[in-house]
Structure formats: structure tokens, C-alpha cells
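Below: run.txt (compact mmCIF, C-alpha atoms)
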# COMPACT_ATOMS: atom_id res chain seq x y z
CA MET A 23 11.92 10.17 5.02
CA CYS A 24 11.40 13.55 3.44
CA ILE A 25 9.14 15.40 5.85
CA SER A 26 7.83 17.69 3.13
CA CYS A 27 6.52 15.07 0.77
CA GLY A 28 7.00 11.85 2.70
CA CYS A 29 8.86 10.14 -0.09
CA GLY A 30 11.47 8.38 2.00
CA SER A 31 14.24 10.10 0.11
CA GLU A 32 16.97 9.51 2.65
CA GLU A 33 16.42 5.79 2.72
CA ALA A 34 14.74 4.62 -0.41
CA GLY A 35 16.39 4.36 -3.79
CA ILE A 36 14.71 3.44 -7.03
CA GLY A 37 17.03 2.18 -9.69
CA ARG A 38 19.18 4.87 -11.24
CA GLU A 39 16.73 7.59 -10.32
CA ALA A 40 17.60 7.41 -6.64
CA ASP A 41 20.64 9.69 -6.72
CA ASP A 42 18.88 12.44 -8.65
CA HIS A 43 15.99 12.25 -6.28
CA ALA A 44 18.23 12.62 -3.24
CA ARG A 45 19.86 15.69 -4.78
CA MET A 46 16.49 17.22 -5.43
CA HIS A 47 15.59 16.89 -1.77
CA ALA A 48 18.92 18.20 -0.60
CA ALA A 49 18.09 21.46 -2.35
CA GLY A 50 15.43 22.37 0.16
CA ALA A 51 12.01 21.62 1.51
CA ILE A 52 10.07 23.35 -1.23
CA HIS A 53 10.42 21.47 -4.43
CA ARG A 54 8.53 19.95 -7.27
CA HIS A 55 8.71 16.55 -8.95
CA ASP A 56 8.03 16.68 -12.64
CA HIS A 57 9.44 13.35 -13.85
CA ALA A 58 10.29 14.82 -17.21
CA ALA A 59 12.56 11.87 -17.92
CA ALA A 60 9.75 9.41 -17.42
CA GLN A 61 8.65 9.05 -21.01
CA ASP A 62 5.05 9.97 -21.57
CA LEU A 63 3.68 8.96 -18.21
CA PRO A 64 1.62 11.62 -16.52
CA HIS A 65 3.20 10.85 -13.15
CA ASP A 66 3.32 14.38 -12.00
CA HIS A 67 2.74 15.51 -8.48
CA GLY A 68 3.71 18.93 -7.39
CA HIS A 69 4.58 19.76 -3.83
CA GLU A 70 4.05 23.44 -3.79
CA HIS A 71 3.46 24.41 -0.24
CA GLN A 72 1.57 27.62 0.24
CA HIS A 73 2.39 29.38 3.43
CA GLU A 74 -0.56 31.48 4.31
CA SER A 75 -0.18 34.54 6.39
CA VAL A 76 -0.79 34.14 10.09
CA PRO A 77 -4.42 34.83 10.92
CA GLU A 78 -5.31 37.43 13.43
CA HIS A 79 -5.53 36.30 17.03
CA ALA A 80 -7.14 38.00 19.96
CA HIS A 81 -4.81 37.36 22.88
CA ALA A 82 -6.03 38.17 26.32
CA PRO A 83 -3.13 39.48 28.40
CA GLY A 84 -1.46 36.73 30.42
CA LEU A 85 -3.47 33.91 28.87
CA ALA A 86 -2.39 31.44 26.24
CA PRO A 87 -5.62 30.96 24.28
CA ALA A 88 -6.13 27.33 23.30
CA ARG A 89 -7.77 26.62 20.03
CA MET A 90 -9.43 23.43 18.78
CA LEU A 91 -9.13 22.67 15.12
CA ARG A 92 -11.10 19.97 13.29
CA ILE A 93 -8.90 18.04 10.84
CA GLU A 94 -10.81 14.82 9.96
CA GLN A 95 -8.22 13.50 7.57
CA ASP A 96 -7.20 9.91 6.87
CA ILE A 97 -3.65 9.23 8.00
CA LEU A 98 -2.96 7.46 4.71
CA ALA A 99 -4.72 10.05 2.54
CA LYS A 100 -1.52 11.07 0.81
CA ASN A 101 -0.45 7.51 0.05
CA ASP A 102 -3.95 6.77 -1.21
CA SER A 103 -3.87 9.74 -3.57
CA TYR A 104 -0.58 8.49 -5.05
CA ALA A 105 -2.14 5.02 -5.32
CA ALA A 106 -5.11 6.47 -7.19
CA GLN A 107 -2.73 8.18 -9.58
CA ASN A 108 -0.85 4.90 -10.17
CA ARG A 109 -4.15 3.08 -10.68
CA ARG A 110 -5.24 5.65 -13.25
CA ILE A 111 -2.01 5.35 -15.23
CA LEU A 112 -2.30 1.56 -15.20
CA ALA A 113 -5.96 1.68 -16.25
CA GLU A 114 -5.14 3.96 -19.15
CA ARG A 115 -2.68 1.37 -20.41
CA GLY A 116 -4.90 -1.65 -19.76
CA ILE A 117 -2.31 -3.17 -17.42
CA LEU A 118 -3.13 -5.77 -14.77
CA ALA A 119 -1.13 -4.80 -11.68
CA LEU A 120 -0.63 -7.17 -8.76
CA ASN A 121 0.96 -6.54 -5.38
CA LEU A 122 2.71 -9.74 -4.28
CA VAL A 123 3.10 -9.98 -0.52
CA SER A 124 4.49 -12.67 1.78
CA SER A 125 6.92 -13.25 4.58
CA PRO A 126 10.59 -13.41 3.53
CA GLY A 127 11.49 -16.66 1.81
CA ALA A 128 7.99 -17.74 0.76
CA GLY A 129 9.18 -17.92 -2.83
CA LYS A 130 7.77 -14.79 -4.47
CA THR A 131 10.73 -14.24 -6.77
CA ALA A 132 11.02 -17.91 -7.76
CA LEU A 133 7.31 -17.90 -8.50
CA LEU A 134 7.65 -14.76 -10.61
CA VAL A 135 10.51 -16.26 -12.60
CA LYS A 136 8.45 -19.40 -13.21
CA THR A 137 5.43 -17.28 -14.19
CA ILE A 138 7.38 -15.19 -16.67
CA GLU A 139 8.86 -18.34 -18.25
CA ALA A 140 5.47 -20.05 -18.42
CA LEU A 141 3.71 -17.03 -19.93
CA GLY A 142 6.33 -16.71 -22.65
CA ASP A 143 5.03 -14.49 -25.42
CA ARG A 144 1.43 -14.57 -24.21
CA CYS A 145 1.78 -11.43 -22.14
CA ARG A 146 4.50 -8.91 -21.48
CA ILE A 147 5.40 -8.52 -17.80
CA GLY A 148 7.15 -5.67 -16.05
CA VAL A 149 8.35 -6.22 -12.49
CA ILE A 150 8.97 -3.84 -9.60
CA GLU A 151 11.08 -5.45 -6.89
CA GLY A 152 11.05 -4.17 -3.32
CA ASP A 153 13.78 -5.06 -0.85
CA GLN A 154 15.61 -3.22 1.88
CA GLN A 155 18.93 -3.74 0.13
CA THR A 156 20.54 -5.32 -2.96
CA SER A 157 19.29 -5.70 -6.51
CA HIS A 158 19.50 -9.51 -6.40
CA ASP A 159 15.81 -10.02 -7.08
CA ALA A 160 15.65 -7.58 -10.00
CA ASP A 161 18.74 -9.31 -11.43
CA ARG A 162 16.95 -12.67 -11.24
CA ILE A 163 13.94 -11.20 -13.07
CA ARG A 164 16.08 -9.54 -15.74
CA ALA A 165 17.80 -12.87 -16.39
CA THR A 166 14.44 -14.08 -17.79
CA GLY A 167 14.40 -11.21 -20.28
CA ALA A 168 11.63 -9.30 -18.49
CA ARG A 169 12.04 -5.67 -17.51
CA ALA A 170 12.54 -4.97 -13.81
CA VAL A 171 13.15 -2.00 -11.55
CA GLN A 172 14.53 -2.49 -8.05
CA ILE A 173 13.35 -0.31 -5.19
CA ASN A 174 15.60 -0.39 -2.13
CA THR A 175 13.65 0.83 0.86
CA GLY A 176 16.68 1.22 3.12
CA ARG A 177 15.28 0.88 6.62
CA GLY A 178 11.71 0.90 5.29
CA CYS A 179 9.66 -2.22 5.83
CA HIS A 180 7.18 -1.82 2.97
CA LEU A 181 6.65 -0.20 -0.40
CA ASP A 182 4.40 2.84 -0.60
CA ALA A 183 2.49 4.28 -3.53
CA HIS A 184 4.87 7.19 -3.99
CA MET A 185 7.91 4.94 -4.46
CA VAL A 186 5.93 2.72 -6.81
CA GLY A 187 4.82 5.73 -8.85
CA HIS A 188 8.46 6.60 -9.48
CA ALA A 189 9.24 2.99 -10.35
CA ILE A 190 6.30 2.78 -12.79
CA ALA A 191 7.57 5.92 -14.50
CA GLN A 192 11.01 4.39 -14.82
CA LEU A 193 9.79 0.95 -15.88
CA ASP A 194 7.39 2.35 -18.46
CA PRO A 195 5.35 -0.87 -18.49
CA PRO A 196 3.95 -1.95 -21.87
CA HIS A 197 0.31 -1.43 -22.77
CA HIS A 198 -2.02 -4.39 -22.19
CA GLY A 199 0.62 -6.26 -20.20
CA MET A 200 1.07 -7.10 -16.54
CA LEU A 201 2.85 -5.31 -13.73
CA MET A 202 4.03 -7.46 -10.85
CA ILE A 203 5.03 -5.53 -7.75
CA GLU A 204 6.99 -7.77 -5.41
CA ASN A 205 6.70 -6.13 -2.02
CA VAL A 206 9.24 -6.29 0.79
CA GLY A 207 9.06 -9.71 2.48
CA ASN A 208 6.90 -8.84 5.47
CA LEU A 209 3.44 -10.09 6.38
CA VAL A 210 2.55 -7.06 8.51
CA CYS A 211 3.46 -3.62 7.20
CA PRO A 212 2.71 -3.87 3.45
CA ALA A 213 -0.94 -4.62 4.28
CA ALA A 214 -1.62 -0.97 5.11
CA PHE A 215 -0.31 0.59 1.92
CA ASP A 216 -2.35 0.62 -1.27
CA LEU A 217 0.05 0.83 -4.23
CA GLY A 218 -2.57 1.21 -6.96
CA GLU A 219 -2.74 -2.52 -7.68
CA ALA A 220 -5.81 -4.39 -8.90
CA HIS A 221 -5.25 -7.15 -6.34
CA LYS A 222 -2.99 -8.15 -3.51
CA VAL A 223 -1.77 -11.72 -3.94
CA VAL A 224 -0.47 -13.29 -0.75
CA VAL A 225 2.09 -16.06 -1.13
CA LEU A 226 2.31 -18.55 1.73
CA SER A 227 4.70 -21.47 1.61
CA VAL A 228 3.82 -24.76 3.25
CA THR A 229 7.04 -24.67 5.28
CA GLU A 230 5.67 -21.76 7.29
CA GLY A 231 2.90 -23.37 9.34
CA GLU A 232 -0.79 -23.44 8.58
CA ASP A 233 -1.79 -20.83 11.15
CA LYS A 234 -0.10 -17.87 9.46
CA PRO A 235 -3.48 -16.51 8.24
CA LEU A 236 -4.64 -16.34 11.87
CA LYS A 237 -1.40 -14.81 13.10
CA TYR A 238 -1.28 -12.13 10.39
CA PRO A 239 -4.95 -11.60 9.47
CA ASP A 240 -4.64 -8.09 7.99
CA MET A 241 -2.70 -9.28 4.99
CA PHE A 242 -5.00 -12.20 4.27
CA ARG A 243 -8.10 -10.04 4.66
CA ARG A 244 -6.85 -7.60 2.04
CA ALA A 245 -5.72 -10.18 -0.51
CA SER A 246 -7.84 -11.51 -3.38
CA LEU A 247 -5.78 -14.65 -3.92
CA MET A 248 -3.58 -16.87 -1.79
CA LEU A 249 -0.89 -18.87 -3.57
CA LEU A 250 0.13 -21.82 -1.39
CA ASN A 251 3.66 -22.35 -2.61
CA LYS A 252 6.20 -25.17 -2.30
CA ILE A 253 3.54 -27.87 -2.27
CA ASP A 254 6.12 -30.28 -3.70
CA LEU A 255 7.45 -30.36 -0.12
CA LEU A 256 4.16 -31.54 1.40
CA PRO A 257 5.24 -35.21 1.67
CA TYR A 258 8.07 -34.17 3.96
CA LEU A 259 6.08 -31.86 6.23
CA GLU A 260 3.32 -32.01 8.80
CA PHE A 261 1.26 -29.34 7.12
CA ASP A 262 -2.54 -29.54 7.13
CA LEU A 263 -3.49 -27.99 3.81
CA ALA A 264 -7.25 -28.00 4.43
CA LEU A 265 -6.79 -26.43 7.86
CA CYS A 266 -4.59 -23.67 6.41
CA ILE A 267 -7.22 -22.84 3.79
CA ASP A 268 -9.94 -22.89 6.48
CA TYR A 269 -7.90 -20.45 8.61
CA ALA A 270 -7.41 -18.17 5.61
CA HIS A 271 -11.15 -18.17 4.93
CA ARG A 272 -11.83 -17.23 8.56
CA THR A 273 -10.16 -13.89 7.92
CA ASN A 274 -11.38 -13.56 4.34
CA PRO A 275 -14.26 -15.75 3.12
CA ASP A 276 -13.81 -14.51 -0.45
CA LEU A 277 -10.12 -15.42 -0.73
CA ALA A 278 -9.34 -17.54 -3.82
CA VAL A 279 -6.70 -20.24 -3.26
CA ILE A 280 -4.34 -21.93 -5.72
CA CYS A 281 -1.73 -24.49 -4.64
CA VAL A 282 1.48 -24.18 -6.62
CA SER A 283 5.08 -25.26 -6.79
CA ALA A 284 7.49 -22.84 -8.41
CA LEU A 285 9.95 -25.75 -8.55
CA THR A 286 7.87 -28.45 -10.28
CA GLY A 287 5.34 -26.21 -12.03
CA GLU A 288 2.38 -27.86 -10.31
CA GLY A 289 -0.59 -25.48 -10.16
CA ILE A 290 1.06 -22.97 -12.48
CA PRO A 291 -1.58 -23.48 -15.25
CA GLN A 292 -4.34 -22.55 -12.78
CA TRP A 293 -2.35 -19.49 -11.69
CA LEU A 294 -1.85 -18.47 -15.32
CA ALA A 295 -5.58 -18.88 -15.97
CA TRP A 296 -6.31 -16.56 -13.03
CA LEU A 297 -3.80 -14.06 -14.45
CA ASP A 298 -5.28 -14.29 -17.96
CA GLN A 299 -8.71 -13.53 -16.58
CA GLY A 300 -7.42 -10.47 -14.72
CA ALA A 301 -5.39 -9.25 -17.69
CA GLU A 302 -8.39 -9.57 -19.97
CA SER A 303 -10.51 -7.56 -17.51
CA ALA A 304 -7.88 -4.82 -17.46
CA ARG A 305 -7.72 -4.74 -21.26
CA ALA A 306 -11.53 -4.73 -21.57
CA ALA A 307 -11.81 -1.83 -19.14
CA CYS A 308 -9.18 0.06 -21.13
CA ARG A 309 -11.08 -0.59 -24.38
CA ASP A 310 -14.34 0.56 -22.78
CA ILE A 311 -12.73 3.79 -21.66
CA ALA A 312 -11.27 4.35 -25.11
CA ALA A 313 -14.60 3.59 -26.83
CA LEU A 314 -16.46 5.95 -24.53
CA SER A 315 -14.01 8.70 -25.24
CA GLY A 316 -13.85 8.10 -28.97
CA CYS A 317 -10.08 7.97 -29.00
CA GLY A 318 -7.52 5.20 -29.11
CA PRO A 319 -6.19 3.43 -26.03
CA ASP A 320 -2.77 4.96 -26.58
CA GLU A 321 -3.97 8.45 -25.93
CA PRO A 322 -4.16 8.53 -22.15
CA ARG A 323 -3.50 12.23 -21.78
CA LEU A 324 -6.53 12.97 -23.89
CA LEU A 325 -8.65 10.76 -21.66
CA VAL A 326 -7.46 12.57 -18.59
CA GLU A 327 -8.12 15.93 -20.16
CA ARG A 328 -11.63 14.87 -21.05
CA GLY A 329 -12.22 13.81 -17.47
CA LEU A 330 -12.94 10.20 -18.42
CA ILE A 331 -10.27 8.80 -16.12
CA GLY A 332 -9.15 9.78 -12.68
CA MET B 9 7.42 -1.03 11.94
CA HIS B 10 4.94 0.74 9.70
CA GLU B 11 3.79 2.74 12.72
CA MET B 12 6.81 4.99 12.14
CA ALA B 13 5.70 5.70 8.57
CA LEU B 14 2.16 6.36 9.80
CA ALA B 15 3.49 8.65 12.54
CA GLU B 16 5.32 10.66 9.88
CA GLU B 17 2.08 10.95 7.92
CA VAL B 18 0.32 12.20 11.05
CA LEU B 19 3.07 14.77 11.64
CA GLN B 20 2.78 15.92 8.03
CA ILE B 21 -0.96 16.48 8.44
CA VAL B 22 -0.36 18.38 11.69
CA GLN B 23 2.40 20.51 10.17
CA ASP B 24 0.27 21.32 7.13
CA ALA B 25 -2.57 22.42 9.41
CA ALA B 26 -0.17 24.47 11.55
CA ARG B 27 1.18 26.28 8.50
CA ARG B 28 -2.28 26.82 7.06
CA GLU B 29 -3.70 28.16 10.30
CA GLY B 30 -0.60 29.90 11.61
CA LEU B 31 -0.40 27.80 14.77
CA ARG B 32 2.56 28.36 17.06
CA ARG B 33 2.36 25.14 18.99
CA VAL B 34 0.19 22.05 18.87
CA VAL B 35 -0.39 20.77 22.40
CA ALA B 36 -2.71 17.83 21.75
CA LEU B 37 -4.09 15.77 18.92
CA TRP B 38 -6.85 13.20 18.64
CA LEU B 39 -6.37 10.14 16.47
CA GLU B 40 -9.30 7.89 15.65
CA ILE B 41 -7.97 4.34 15.33
CA GLY B 42 -10.29 1.50 14.39
CA GLN B 43 -10.14 -1.74 16.32
CA LEU B 44 -9.62 -3.61 13.03
CA SER B 45 -7.11 -1.20 11.53
CA CYS B 46 -3.59 -2.48 11.03
CA VAL B 47 -1.96 -0.20 13.57
CA GLU B 48 -1.06 -0.69 17.20
CA PRO B 49 -2.21 2.53 18.93
CA GLU B 50 0.49 2.55 21.60
CA ALA B 51 3.22 1.99 19.01
CA LEU B 52 1.81 4.84 16.94
CA ARG B 53 1.78 7.12 20.00
CA PHE B 54 5.39 6.19 20.79
CA CYS B 55 6.50 6.80 17.20
CA PHE B 56 4.70 10.11 16.95
CA GLU B 57 6.43 11.39 20.08
CA ALA B 58 9.74 10.47 18.46
CA VAL B 59 9.15 12.02 15.04
CA ALA B 60 7.51 15.17 16.45
CA CYS B 61 10.30 16.05 18.90
CA ASP B 62 11.67 18.95 16.83
CA SER B 63 8.40 20.09 15.34
CA VAL B 64 5.46 22.36 16.08
CA ALA B 65 3.90 19.34 17.83
CA ALA B 66 6.85 18.55 20.12
CA GLY B 67 5.58 17.13 23.38
CA ALA B 68 1.96 17.14 22.19
CA ARG B 69 -0.47 14.88 24.00
CA VAL B 70 -1.76 12.10 21.74
CA GLU B 71 -5.31 11.01 22.51
CA ILE B 72 -6.39 7.75 20.89
CA VAL B 73 -10.10 7.51 20.13
CA ALA B 74 -10.96 3.84 19.59
CA ALA B 75 -13.55 2.94 16.97
CA ALA B 76 -15.31 -0.39 17.38
CA GLY B 77 -14.89 -3.15 14.82
CA ALA B 78 -18.02 -4.19 12.93
CA ALA B 79 -18.87 -6.85 10.39
CA TRP B 80 -21.76 -8.32 8.42
CA CYS B 81 -22.40 -12.00 9.04
CA ASN B 82 -23.56 -13.77 5.91
CA GLU B 83 -24.99 -16.68 7.92
CA CYS B 84 -27.02 -14.51 10.27
CA ALA B 85 -27.69 -11.83 7.64
CA ALA B 86 -27.09 -9.32 10.41
CA PRO B 87 -24.56 -6.71 11.51
CA VAL B 88 -22.34 -7.89 14.37
CA ALA B 89 -19.55 -6.54 16.55
CA LEU B 90 -16.07 -7.87 15.74
CA ALA B 91 -13.23 -7.22 18.17
CA ALA B 92 -10.45 -8.81 16.08
CA LEU B 93 -9.95 -10.25 12.62
CA GLY B 94 -10.27 -14.03 12.73
CA ASP B 95 -12.78 -13.95 15.60
CA PRO B 96 -16.03 -15.84 15.05
CA CYS B 97 -19.46 -14.28 14.70
CA PRO B 98 -20.73 -13.58 18.24
CA LEU B 99 -24.20 -14.82 17.21
CA CYS B 100 -23.63 -18.03 15.23
CA GLY B 101 -19.96 -18.83 15.86
CA GLY B 102 -19.26 -18.93 12.10
CA TYR B 103 -16.66 -17.09 10.09
CA ARG B 104 -18.64 -15.86 7.09
CA LEU B 105 -17.90 -12.29 8.11
CA ARG B 106 -17.25 -9.22 6.04
CA VAL B 107 -15.68 -6.28 7.81
CA THR B 108 -17.86 -3.18 7.60
CA GLY B 109 -16.30 -0.83 10.14
CA GLY B 110 -13.44 -0.19 12.50
CA THR B 111 -10.62 -0.03 9.95
CA GLN B 112 -10.20 3.75 9.98
CA MET B 113 -7.06 5.68 10.91
CA ARG B 114 -7.80 9.39 11.04
CA VAL B 115 -6.52 12.60 12.51
CA GLN B 116 -9.71 14.00 14.06
CA GLN B 117 -8.70 17.29 15.60
CA LEU B 118 -5.94 19.12 17.34
CA GLU B 119 -5.51 21.65 20.10
CA ALA B 120 -3.13 24.52 19.55
CA VAL B 121 -1.96 27.68 21.19
Have the structure of the file written as C-alpha cells, please.
Amino acid sequence: MCISCGCGSEEAGIGREADDHARMHAAGAIHRHDHAAAQDLPHDHGHEHQHESVPEHAHAPGLAPARMLRIEQDILAKNDSYAAQNRRILAERGILALNLVSSPGAGKTALLVKTIEALGDRCRIGVIEGDQQTSHDADRIRATGARAVQINTGRGCHLDAHMVGHAIAQLDPPHHGMLMIENVGNLVCPAAFDLGEAHKVVVLSVTEGEDKPLKYPDMFRRASLMLLNKIDLLPYLEFDLALCIDYAHRTNPDLAVICVSALTGEGIPQWLAWLDQGAESARAACRDIAALSGCGPDEPRLLVERGLIG
Amino acid sequence: MHEMALAEEVLQIVQDAARREGLRRVVALWLEIGQLSCVEPEALRFCFEAVACDSVAAGARVEIVAAAGAAWCNECAAPVALAALGDPCPLCGGYRLRVTGGTQMRVQQLEAV
């Protein structure tokens, strides 16, 4: 990870941009990201470190004076500021963004493929895929005709908001559409990192055991929706559906639950209805912002300049 | 192992402060870690020692300040203590709990020479 800006440059690669990014870091610790190639997205975060002169110290001879310094800063403050920037860009475009989290093999990608096929022309979807290695998942998404950018985290076990900001810039997601961020398969680490999404959606497959919500409560507490996937396999398993949902509600009483099968399509209409509702909220918020500002929804820079967003 | 990523964030905050204040060496730092945060304090301490080994905070003592978990019980309509996510309400034994405190992860202060 780049110590100066924390952007995981040695390990993470985002589509074609990864090589350029690595070169930029190799040039030295003081650098600036401008993302000029990233269309019109205002994803711009400078890293200009100011090295102030050393303040005066009064050293008593022979003593090393200790000094206490109050910091009071959130450990994730930097990630959260990138997340806020992502959220602002998505709000300007009226995009519903979801962060899909699960353990490996729960069926996130299969579910995404099914979702894209089922939505058809109703809504345009852009996908950001997170995996340690390979572009297999992005390839599967692209095969549906949807746009996808693969983030390889290298040794990293989660996506962070900085990586996702780069990927959003590269993906250039369409206005009034949806952005699906498929996180690294991991029920622990991705819980801590806000990516700028509207909701976390946790996918749990019925082959995993009903007590996963109790074993990994952080993820379920932070999610808005749990998709219980692979329910076509229920006849072959000893899986107590009601107990699983009860366990999930112990960690998060507000968690919505939809049972689905990416294979048979069962539950997909309910999932699409949930998505439609979220997408409409995102579009309505975008229209409200535009109406308040007196300019069209395609003029995000103007909104930022007027201080109406972000 | 997100503790490693968090440790790197902590080091960044410490290094920024050291540059800003012209500190030669950071000998101790205090991290406030909520009981309901998603970090294991001992793992974070271990990771920080590893990532800080060639920095201004090499060998610094890491003090963990625990912050108690707290929730609001909808059944009792009262604030309650919550030691772990998934635990029942200590008053009614129910699970209609909303976390209200103890999720923080902060760098509180540091000691430097």
C-alpha cells in the first residue's frame, strides 16, 4: 500500500488504469491524482503534503522532553472522505449504488448476471468487480452486455473507497442507472469500509449454515437487505430458513430479507421491485437537487460549485 | 486481515501529525477502540508494530482505550449496555436492539520526543 495516500498501489490494480497508477507512485511520495482521463467525473483528490517547518523546542540539557499531542481522528477518516466523494458523484447522476457482500461462493456474480438479464432495458447497470486476482467475474458480467470494471486487490481482503473512486471514474456509469459493486468474497473485512454506496446487500446462500449472521454479525448489522440465495437447494439441505432469518434480525432488526434463486429465478421479481424502489429514490433525489439549483441533472459541476452537493 | 489496512491508516495519521508538528520520534499512541467496532484490538496492535517498524513511530507503545458498547432497546424503550453484537438485551432478553455507541475507532493522542 502506498504510505503517502494509502491507495494500495503495490497490490491493487483497476482495469487498464493500474499500470499508470503504479508508475505514478514509483515517481515519488509527493504526487497528485488528477484523473484527467476519467471523462467528466470530478474525481479529483490531491495529495499535496505540506511539510511545515519544525517548531521551536525548549530542550533542557540532558533531558528528552516528552510531549503529548491530541489527535482525535477517526482511523477510517480518509476512507470515509473518499466514500463521501463517491457518494456525491453518484448522487449527482441519480445512480443507485449497492455494495454486494458475502462469503466466497455465495453466488453474488451469478445473482448479478441473473439481475442484469431480468432487468433488460428497464435500467442500465454498471458493475465494479472486486477480487484478489483474475478478471473472471468482470468477464462474466461483460458477457451479458453490461459494462464492468475489475479491481484486483492483490493481497487485499476488501475494497476501499479510494479504489472504488478510481473504478467509478473508469466505468463512467450512466445517469439514472445502477452501480453494483461486488466486493471481495469475505464476510469480515468489507464490513468496515464505506464505499459510498446507498446500501450494503449481504448475500447468504442456504448451503452455508443458518448461523452465519451470528458468527459474522458486523456485516449483517451494516446491511439493509439480506438475499438468501440458492433456495432451490432447500429440499436437499437441513437448513432452517426461519431460524436463519431470526438470527439475522438479532444482529439487525431492520434487515429486509428476500429469498432468491439465481438458478431458477425464484424471488427475482421481489428483488427487482426492491431495486426499482431504490433506483427511483436515487433519481428523485437527483431531480430534487437539480430543481433546487435551477439547472439540469447533467450539470453536476455546477451543482458542486453552487454548494448544493457535497 | 483488515487490521493491517487499519494499522496503515493509523500510521498515516501519526506520520501526518509528526510532519505537521516536527516530531522526531513517537514513543506512544492511544487508540480508542469501541467494543462493537469491527476490529480486534490485539491484532491491530500487532499489525501497527509491523507497519511502523521503519517509521517515526518505530517501537512506539500502543495503548488501547476500550469504549463500551451501547444500544437502545425498542422493547424496553431504554438505553442498555451491549458487550457484543447478537447479544440479547440485558433487561428483557429480546433482540430489538439498535447500536448507539461503541463502534468508534479513533487515534486519541500520542506522546512524542
A:Arg164, A:Arg115, A:Lys136, A:Lys237: which is nearest chain B, counting all atoms listed in the file?
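Among the listed residues, the smallest separation from chain B belongs to A:Lys237.
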Write out as a tab-separated table the residues of chain B that have any atom within 9 Å of an atom of chain A, one row each with the nearest atom pair and its distance in Å to one decimal, counting only C-alpha atoms, sorted by chain and then rising number.
residue	atom	partner	partner_atom	distance
B:Met9	CA	A:Cys179	CA	6.6
B:His10	CA	A:Cys211	CA	5.2
B:Glu11	CA	A:Cys211	CA	8.4
B:Ala13	CA	A:Gly178	CA	8.4
B:Leu14	CA	A:Ile97	CA	6.7
B:Ala15	CA	A:Ile97	CA	8.5
B:Glu16	CA	A:Ile25	CA	7.3
B:Glu17	CA	A:Ile97	CA	6.0
B:Val18	CA	A:Ile97	CA	5.8
B:Leu19	CA	A:Ile25	CA	8.4
B:Gln20	CA	A:Ile25	CA	6.7
B:Ile21	CA	A:Ile97	CA	7.7
B:Val22	CA	A:Ile93	CA	8.6
B:Asp24	CA	A:His71	CA	8.6
B:Ala25	CA	A:Ile93	CA	7.8
B:Arg27	CA	A:His73	CA	6.1
B:Arg28	CA	A:Glu74	CA	5.7
B:Glu29	CA	A:Val76	CA	6.7
B:Gly30	CA	A:Val76	CA	4.5
B:Leu31	CA	A:Val76	CA	7.9
B:Val35	CA	A:Ala88	CA	8.8
B:Leu39	CA	A:Ile97	CA	8.9
B:Leu44	CA	A:Asp240	CA	8.4
B:Ser45	CA	A:Asp240	CA	8.1
B:Cys46	CA	A:Ala214	CA	6.4
B:Val47	CA	A:Ala214	CA	8.5
B:Leu93	CA	A:Thr273	CA	5.9
B:Gly94	CA	A:Thr273	CA	4.8
B:Asp95	CA	A:Arg272	CA	7.8
B:Pro96	CA	A:Arg272	CA	7.9
B:Gly102	CA	A:Arg272	CA	8.4
B:Tyr103	CA	A:Arg272	CA	5.1
B:Arg104	CA	A:Pro275	CA	5.9
B:Leu105	CA	A:Pro275	CA	7.1
B:Arg106	CA	A:Asn274	CA	7.5
B:Gln112	CA	A:Asp96	CA	7.5
B:Met113	CA	A:Ile97	CA	5.7
B:Arg114	CA	A:Asp96	CA	4.2
B:Val115	CA	A:Gln95	CA	5.3
B:Gln116	CA	A:Glu94	CA	4.3
B:Gln117	CA	A:Arg92	CA	4.3
B:Leu118	CA	A:Leu91	CA	5.3
B:Glu119	CA	A:Met90	CA	4.5
B:Ala120	CA	A:Arg89	CA	5.1
B:Val121	CA	A:Ala88	CA	4.7
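Residues with any atom within 10 Å of Trp80 in chain B, counting all atoms listed in the file and excluding same-chain neighbours fewer than 6 positions away, are Ala86, Pro87, Val88, Ala89, Leu90, Cys97, Arg104, Leu105, Arg106, Val107, Thr108 and Gly109 of chain B.
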Please produce an output containing C-alpha atoms for each residue in the selection, written as a PDB file, in the coordinates of the input.
ATOM      1  CA  ALA B  86     -27.090  -9.320  10.410  1.00  0.00           C
ATOM      2  CA  PRO B  87     -24.560  -6.710  11.510  1.00  0.00           C
ATOM      3  CA  VAL B  88     -22.340  -7.890  14.370  1.00  0.00           C
ATOM      4  CA  ALA B  89     -19.550  -6.540  16.550  1.00  0.00           C
ATOM      5  CA  LEU B  90     -16.070  -7.870  15.740  1.00  0.00           C
ATOM      6  CA  CYS B  97     -19.460 -14.280  14.700  1.00  0.00           C
ATOM      7  CA  ARG B 104     -18.640 -15.860   7.090  1.00  0.00           C
ATOM      8  CA  LEU B 105     -17.900 -12.290   8.110  1.00  0.00           C
ATOM      9  CA  ARG B 106     -17.250  -9.220   6.040  1.00  0.00           C
ATOM     10  CA  VAL B 107     -15.680  -6.280   7.810  1.00  0.00           C
ATOM     11  CA  THR B 108     -17.860  -3.180   7.600  1.00  0.00           C
ATOM     12  CA  GLY B 109     -16.300  -0.830  10.140  1.00  0.00           C
TER      13      GLY B 109
END
Counting all atoms listed in the file, which residues sit no farther than 7 Å from the position (-6.8, 9.0, 18.9) in the file's frame? I'd like them as a ChimeraX atom specification.
/B:38-41,70-74
Å distance separating CA of Asp298 in chain A from CA of Gly199 in chain A, one decimal place
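Value for the CA of Asp298 in chain A-CA of Gly199 in chain A distance: 10.2 Å.
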For a quick check of understanding, using all atoms listed in the file, which of B:Cys81, B:Phe54, B:Val64, B:Val59 has the smallest distance to Arg33 in chain B?
B:Val64
